[in-house]
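S.K.: Structure in structure tokens, see below.
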Amino acid sequence: MVVRDTMRILVVEDDKKIASFVANGLKQSSFAVDQSANGEEGLVMAQSVPYDAAVIDVMLPKLDGLTLIQRLRKENIRTPVIILSAKASVDDRVRGLQAGGDDYLTKPFAFSELLARVQALIRRASNSAEPTRLVVGDLVFDLLSREVTRAGQKIELQSREQALLEYLMRQTGRVVTKTMILEHVWDYSFDPQTNVVDVLRASIAQARSIRIFRKR
């Protein structure tokens, strides 16, 4: 099975709690995430990087979200966009979609729904199906049930262990550094010198007896 490369998502949200909630959730789902807290910076970032998708709030400082999206569409930047907004009326949704948004999600929202919508937009844009499971040798990670098995035997993992395992399985055949793991599985604010990756890696390998970190 061929596993897709890591996707990069842009999150433009000025509410720090919501931005952190969304960004951390996406990182734990093996996406790379860039963040901006204002529309002007978000526009520059979207113009400079070919993102796989963007999550954009409507009420942003310096440049509102709908204007940001309109500017992108005028420049023929087709990045799939999910609009976040506390406004839930039909008229508000229509304005968002007419501005060039591809989807519209009202606050408050469940991260699982946001993730499903992001994945659906990426599939639609790339005309490819999102894999429902990852396979490396006899190690299988079912992405729908979040069940991990090796040689048919179920392995119980905590959520962070699952996130780390999923990221490493998606990077099969590539060199993965500690910084890359911290960036994609943990928050960017973690100290690169921390040994949290080493500790968790040892925990998974020893406690679960799955040697995915070196060739058998």
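Labeling convention for the structure tokens: chains A, B, ... as they appear, residues from 1 per chain, ligands from 1 in order of appearance.
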Quick one: which region 92-172 of chain A residues come within 9 Å of region 19-28 of chain A, and what is the nearest atom pair for each with the distance in Å to one decimal, counting only C-alpha atoms, rows ordered by chain and ascending number, as a Markdown table?
M.R.:
```
| residue | atom | partner | partner_atom | distance |
| --- | --- | --- | --- | --- |
| A:Phe111 | CA | A:Val22 | CA | 7.0 |
| A:Ser112 | CA | A:Gly25 | CA | 8.9 |
| A:Leu114 | CA | A:Val22 | CA | 8.4 |
| A:Leu115 | CA | A:Leu26 | CA | 7.2 |
| A:Ser159 | CA | A:Gln28 | CA | 8.9 |
| A:Arg160 | CA | A:Gln28 | CA | 7.7 |
| A:Gln162 | CA | A:Gln28 | CA | 8.8 |
| A:Ala163 | CA | A:Gln28 | CA | 5.4 |
| A:Leu164 | CA | A:Gln28 | CA | 7.9 |
| A:Glu166 | CA | A:Gln28 | CA | 8.9 |
| A:Tyr167 | CA | A:Gln28 | CA | 8.3 |
```
S.K.: Give me, as an mmCIF file with C-alpha atoms, in the first residue's frame, the residues of region 1-208 of chain A that a backbone DSSP run labels helix (DSSP H, G or I).
M.R.:
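Output saved as states_14.cif:
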```cif
data_model
loop_
_atom_site.group_PDB
_atom_site.id
_atom_site.type_symbol
_atom_site.label_atom_id
_atom_site.label_comp_id
_atom_site.auth_asym_id
_atom_site.auth_seq_id
_atom_site.Cartn_x
_atom_site.Cartn_y
_atom_site.Cartn_z
ATOM 1 C CA LYS A 16 -5.820 31.453 20.633
ATOM 2 C CA LYS A 17 -7.759 28.632 22.280
ATOM 3 C CA ILE A 18 -9.578 27.645 19.105
ATOM 4 C CA ALA A 19 -6.413 27.957 17.012
ATOM 5 C CA SER A 20 -4.493 25.743 19.442
ATOM 6 C CA PHE A 21 -7.336 23.215 19.584
ATOM 7 C CA VAL A 22 -7.524 22.943 15.800
ATOM 8 C CA ALA A 23 -3.783 22.994 15.134
ATOM 9 C CA ASN A 24 -2.923 20.416 17.793
ATOM 10 C CA GLY A 25 -5.694 18.123 16.631
ATOM 11 C CA LEU A 26 -4.509 18.298 13.032
ATOM 12 C CA LYS A 27 -0.914 17.660 14.052
ATOM 13 C CA GLN A 28 -1.972 14.598 16.039
ATOM 14 C CA GLY A 39 -6.035 37.953 7.744
ATOM 15 C CA GLU A 40 -3.191 39.878 6.159
ATOM 16 C CA GLU A 41 -0.538 37.414 7.307
ATOM 17 C CA GLY A 42 -2.792 34.496 6.429
ATOM 18 C CA LEU A 43 -3.183 35.859 2.903
ATOM 19 C CA VAL A 44 0.580 36.161 2.426
ATOM 20 C CA MET A 45 1.103 32.615 3.720
ATOM 21 C CA ALA A 46 -1.617 31.208 1.439
ATOM 22 C CA GLN A 47 -0.075 33.038 -1.523
ATOM 23 C CA SER A 48 3.390 31.683 -0.730
ATOM 24 C CA GLY A 65 -11.804 35.854 6.326
ATOM 25 C CA LEU A 66 -14.241 36.267 3.448
ATOM 26 C CA THR A 67 -12.145 39.008 1.858
ATOM 27 C CA LEU A 68 -9.062 36.834 2.304
ATOM 28 C CA ILE A 69 -10.753 33.972 0.455
ATOM 29 C CA GLN A 70 -12.003 36.287 -2.302
ATOM 30 C CA ARG A 71 -8.453 37.587 -2.820
ATOM 31 C CA LEU A 72 -7.150 34.041 -3.141
ATOM 32 C CA ARG A 73 -9.790 33.080 -5.683
ATOM 33 C CA LYS A 74 -9.109 36.211 -7.752
ATOM 34 C CA VAL A 90 -28.409 30.351 5.956
ATOM 35 C CA ASP A 91 -27.490 33.794 4.592
ATOM 36 C CA ASP A 92 -24.119 33.677 6.361
ATOM 37 C CA ARG A 93 -23.395 30.223 4.949
ATOM 38 C CA VAL A 94 -24.369 31.350 1.472
ATOM 39 C CA ARG A 95 -22.099 34.408 1.688
ATOM 40 C CA GLY A 96 -19.225 32.211 2.795
ATOM 41 C CA LEU A 97 -19.647 29.785 -0.077
ATOM 42 C CA GLN A 98 -20.166 32.585 -2.603
ATOM 43 C CA PHE A 111 -12.817 18.298 16.063
ATOM 44 C CA SER A 112 -13.783 14.921 14.616
ATOM 45 C CA GLU A 113 -16.206 16.690 12.273
ATOM 46 C CA LEU A 114 -13.614 19.281 11.251
ATOM 47 C CA LEU A 115 -11.080 16.533 10.563
ATOM 48 C CA ALA A 116 -13.570 14.573 8.457
ATOM 49 C CA ARG A 117 -14.382 17.698 6.441
ATOM 50 C CA VAL A 118 -10.690 18.497 5.894
ATOM 51 C CA GLN A 119 -10.030 14.959 4.702
ATOM 52 C CA ALA A 120 -13.058 15.079 2.405
ATOM 53 C CA LEU A 121 -11.929 18.368 0.835
ATOM 54 C CA ILE A 122 -8.443 17.001 0.215
ATOM 55 C CA ARG A 123 -9.848 13.833 -1.353
ATOM 56 C CA ARG A 124 -12.124 15.892 -3.567
ATOM 57 C CA ALA A 125 -9.315 18.221 -4.628
ATOM 58 C CA SER A 126 -6.841 15.423 -5.354
ATOM 59 C CA SER A 159 -3.840 8.436 22.149
ATOM 60 C CA ARG A 160 -0.358 10.002 22.028
ATOM 61 C CA GLU A 161 1.213 6.636 21.315
ATOM 62 C CA GLN A 162 -1.275 6.162 18.490
ATOM 63 C CA ALA A 163 -0.393 9.578 17.057
ATOM 64 C CA LEU A 164 3.321 8.786 17.130
ATOM 65 C CA LEU A 165 2.827 5.347 15.611
ATOM 66 C CA GLU A 166 0.590 6.727 12.858
ATOM 67 C CA TYR A 167 3.094 9.432 11.973
ATOM 68 C CA LEU A 168 5.989 6.962 11.777
ATOM 69 C CA MET A 169 3.969 4.528 9.668
ATOM 70 C CA ARG A 170 3.061 7.349 7.268
ATOM 71 C CA LYS A 178 13.205 14.173 16.626
ATOM 72 C CA THR A 179 12.339 17.727 15.584
ATOM 73 C CA MET A 180 9.986 16.435 12.877
ATOM 74 C CA ILE A 181 8.225 14.208 15.385
ATOM 75 C CA LEU A 182 7.875 17.044 17.881
ATOM 76 C CA GLU A 183 6.530 19.317 15.150
ATOM 77 C CA HIS A 184 3.924 16.889 13.866
ATOM 78 C CA VAL A 185 2.904 14.934 16.976
ATOM 79 C CA VAL A 196 9.833 13.051 25.473
ATOM 80 C CA VAL A 197 10.154 11.323 22.093
ATOM 81 C CA ASP A 198 12.837 8.947 23.355
ATOM 82 C CA VAL A 199 10.800 8.117 26.454
ATOM 83 C CA LEU A 200 7.614 7.430 24.541
ATOM 84 C CA ARG A 201 9.426 5.522 21.826
ATOM 85 C CA ALA A 202 10.991 3.270 24.447
ATOM 86 C CA SER A 203 7.643 2.901 26.168
ATOM 87 C CA ILE A 204 5.928 1.711 23.005
ATOM 88 C CA ALA A 205 8.737 -0.611 21.986
ATOM 89 C CA GLN A 206 9.146 -2.190 25.425
ATOM 90 C CA ALA A 207 5.639 -2.185 26.815
#
```
S.K.: My list of candidates is A:Val175, A:Ile56, A:Val33, A:Asp138. Which is closest to Asp103 (chain A) when distances are computed with only C-alpha atoms?
M.R.: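 Counting only C-alpha atoms, the residue closest to Asp103 (chain A) is A:Ile56.
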S.K.: Would you mind listing what lies within 8 Å of region 140-149 of chain A as a ChimeraX atom specification, with only C-alpha atoms counted and same-chain residues fewer than 6 positions away left out?
M.R.: /A:131-134,155-157,162,166
S.K.: Work out how far apart CA of Ala88 (chain A) and CA of Pro108 (chain A) are and give it in Å to one decimal.
M.R.: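 Spanning CA of Ala88 (chain A) to CA of Pro108 (chain A) is a straight-line distance of 10.4 Å.
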S.K.: Could you jot down the CA of Met7 (chain A) to CA of Ser30 (chain A) separation for me, Å, one decimal place?
M.R.: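 So the two atoms, CA of Met7 (chain A) and CA of Ser30 (chain A), lie 7.9 Å apart.
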S.K.: Using only C-alpha atoms, which of the listed residues (A:Asp15, A:Asp34, A:Asp102, A:Glu75) sits closest to Leu60 (chain A)?
M.R.: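 Between A:Asp15, A:Asp34, A:Asp102, A:Glu75, the residue approaching Leu60 (chain A) most closely is A:Asp15.
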S.K.: Determine, counting only C-alpha atoms, which protein, DNA and RNA residues have an atom within 7 Å of an atom of Thr79 (chain A); residues of the same chain fewer than 5 positions away are not included. Present the result as a VMD selection string.
M.R.: chain A and resid 51 to 54
S.K.: Please save N, CA, C and O atoms of the selected residues as an mmCIF file, in the first residue's frame.
M.R.:
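And here is the file that came out, part.cif:
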```cif
data_model
loop_
_atom_site.group_PDB
_atom_site.id
_atom_site.type_symbol
_atom_site.label_atom_id
_atom_site.label_comp_id
_atom_site.auth_asym_id
_atom_site.auth_seq_id
_atom_site.Cartn_x
_atom_site.Cartn_y
_atom_site.Cartn_z
ATOM 1 N N TYR A 51 -0.730 25.035 0.035
ATOM 2 C CA TYR A 51 -1.361 24.235 1.086
ATOM 3 C C TYR A 51 -2.347 23.237 0.495
ATOM 4 O O TYR A 51 -2.979 23.492 -0.536
ATOM 5 N N ASP A 52 -2.508 22.126 1.190
ATOM 6 C CA ASP A 52 -3.471 21.114 0.769
ATOM 7 C C ASP A 52 -4.887 21.516 1.176
ATOM 8 O O ASP A 52 -5.859 21.083 0.551
ATOM 9 N N ALA A 53 -5.009 22.338 2.219
ATOM 10 C CA ALA A 53 -6.308 22.852 2.653
ATOM 11 C C ALA A 53 -6.062 23.984 3.638
ATOM 12 O O ALA A 53 -4.967 24.128 4.192
ATOM 13 N N ALA A 54 -7.094 24.797 3.857
ATOM 14 C CA ALA A 54 -6.996 25.897 4.817
ATOM 15 C C ALA A 54 -8.264 25.953 5.657
ATOM 16 O O ALA A 54 -9.361 25.672 5.163
#
```
